[in-house]
Amino acid sequence: MSRVRPSRWLLALPMALLALATIYPLVFTANVAMKTRREYILDRFSLADAVRWDNIATAWNTVDMARYLANSVGTVTAAVVLLLLFGSMAGFALSQLRFRGSSVLFLGCLAALFVPFQVIMVPLNRIMADAGLVDTYPGLVLAYVAQFLPFTIFLMTSYYRTIPTEIVDAARIDGNSVYGVYRRIMLPLGAPALLSVGILNALFCWNDVLIALLLMPSAEHRTLMVGVTSLRGQYSADIPTFASGVLIAAIPVLVVYLFLQRQIADGVAAGSTKG
């Protein structure tokens with residue numbers, strides 16, 4: 001027992017520091033959101049004198065948060081549905097179907113994971129402008145699908161490779177087509193991975209600022225995260241109101257994480273399964 005306890009402390013101490021570093025920004029933001037502008041200027045690190053909701057109401061009404069929230073919910077939902085559909089189909093094909101070039105396609109998806117968005121943002125904007133998709137919701141949804149599809153394919157392929165090929169072969173012998181195998185066998189078996197990958201993609205799309213800011217220039221089409229950035233002016237800034245906007249945008253993510261944290265962890269681990 002004397003040998004086990006020090007090793008546990010060596011593991012627990014870094015994890016505690018990591019948890020503190022993760023929680024502190026949220027606590028600091030919530031504390032700043034409760035302050036008046038004068039309190040923040042005098043001492044930004046002190047505790048708020050009282051719990052106030054005025055800044056949250058101001059942030060909600062100043063930049064039409066309700067519209068931006070609806071825009072984010074709509075675009076994120078559509079993008080996640082398409083990502084799960086295309087990602088599960090591609091994962092099934094790359095893991096269970098035998099065809100020439102499947103390994104090259106999978107390696108191409110892996111290579112796409114290492115390409116940052118800043119490298120492709122200019123040609124993407126040009127393509128979207130030529131197609132008439134700039135400042136449209138379908139254009140933003142397609143951009144999200146293009147950006148996060150390699151990640152989805154990678155995780156779904158890794159998960160489907162853990163399913164024995166004998167199951168697929170038996171379904172084909174029973175008379176199922178390729179689509180029948182996908183719909184009747186692979187989709188039910190892949191439900192845990194689909195849930196995990198869907199949650200991760202929803203978080204990625206929800207927290208995005210760069211893609212939405214590039215493709216949605218008009219104010220009425222902004223997403224919630226882009227709308228929050230507009231609370232901070234160019235020459236002056238009401239930091240408590242800005243912190244309130246950040247808190248509003250973070251609440252849906254926190255709710256999703258608190259209720260589905262196990263599925264999120266499983267989604268991260270799905271890509272490390274044997275392939």
# chains A, B, ... in the order shown; residues from 1 in each chain; ligands from 1
>>> closest_atom_pairs(of="range 225-258 of chain A", to="range 31-49 of chain A", cutoff="8 Å", atoms="only C-alpha atoms", output="Markdown table")
| residue | atom | partner | partner_atom | distance |
| --- | --- | --- | --- | --- |
| A:Asp238 | CA | A:Arg37 | CA | 6.6 |
| A:Ile239 | CA | A:Arg37 | CA | 7.1 |
| A:Pro240 | CA | A:Ala33 | CA | 4.6 |
| A:Thr241 | CA | A:Ala33 | CA | 6.4 |
| A:Phe242 | CA | A:Ala33 | CA | 7.8 |
| A:Ala243 | CA | A:Ala33 | CA | 5.1 |
| A:Ser244 | CA | A:Ala33 | CA | 4.8 |
| A:Leu247 | CA | A:Ala33 | CA | 7.8 |
>>> write_last_selection(atoms="N, CA and C atoms", output="compact mmCIF listing (two decimals), in the first residue's frame")
# COMPACT_ATOMS: atom_id res chain seq x y z
N ASP A 238 -17.37 47.37 -22.63
CA ASP A 238 -18.05 47.10 -21.37
C ASP A 238 -17.78 45.63 -21.05
N ILE A 239 -16.71 45.39 -20.34
CA ILE A 239 -16.25 44.02 -20.11
C ILE A 239 -17.29 43.19 -19.35
N PRO A 240 -17.96 43.69 -18.31
CA PRO A 240 -18.99 42.86 -17.66
C PRO A 240 -20.10 42.42 -18.61
N THR A 241 -20.53 43.30 -19.51
CA THR A 241 -21.55 42.90 -20.48
C THR A 241 -21.00 41.87 -21.46
N PHE A 242 -19.75 42.07 -21.89
CA PHE A 242 -19.12 41.09 -22.77
C PHE A 242 -18.98 39.74 -22.08
N ALA A 243 -18.59 39.73 -20.81
CA ALA A 243 -18.50 38.48 -20.06
C ALA A 243 -19.86 37.82 -19.92
N SER A 244 -20.91 38.61 -19.80
CA SER A 244 -22.26 38.05 -19.74
C SER A 244 -22.62 37.36 -21.04
N LEU A 247 -20.89 34.11 -21.15
CA LEU A 247 -21.56 33.17 -20.26
C LEU A 247 -22.83 32.60 -20.89
>>> closest_residue(among="A:Val73, A:Ala143, A:Ala79, A:Leu213", to="Val228 in chain A", atoms="only C-alpha atoms")
A:Leu213
>>> closest_residue(among="A:Asn176, A:Asn201, A:Gln261, A:Thr229", to="Ala78 in chain A", atoms="only C-alpha atoms")
A:Asn201
>>> atom_distance(atom1="CA of Leu203 in chain A", atom2="CA of Val226 in chain A")
14.9 Å
>>> residues_around(residues="Val256 in chain A", least_positions_apart="2", cutoff="12 Å", atoms="only C-alpha atoms", output="number ranges by chain")
A: 196, 198-200, 202-203, 206, 250-254, 258-264
>>> residues_around(residues="Asn61 in chain A", least_positions_apart="3", cutoff="12 Å", atoms="only C-alpha atoms", output="ChimeraX atom specification")
/A:54-58,64-68,227-228,231,241,244-245,248
>>> atom_distance(atom1="CA of Val197 in chain A", atom2="CA of Arg183 in chain A")
18.1 Å
>>> atom_distance(atom1="CA of Thr162 in chain A", atom2="CA of Ser95 in chain A")
8.9 Å
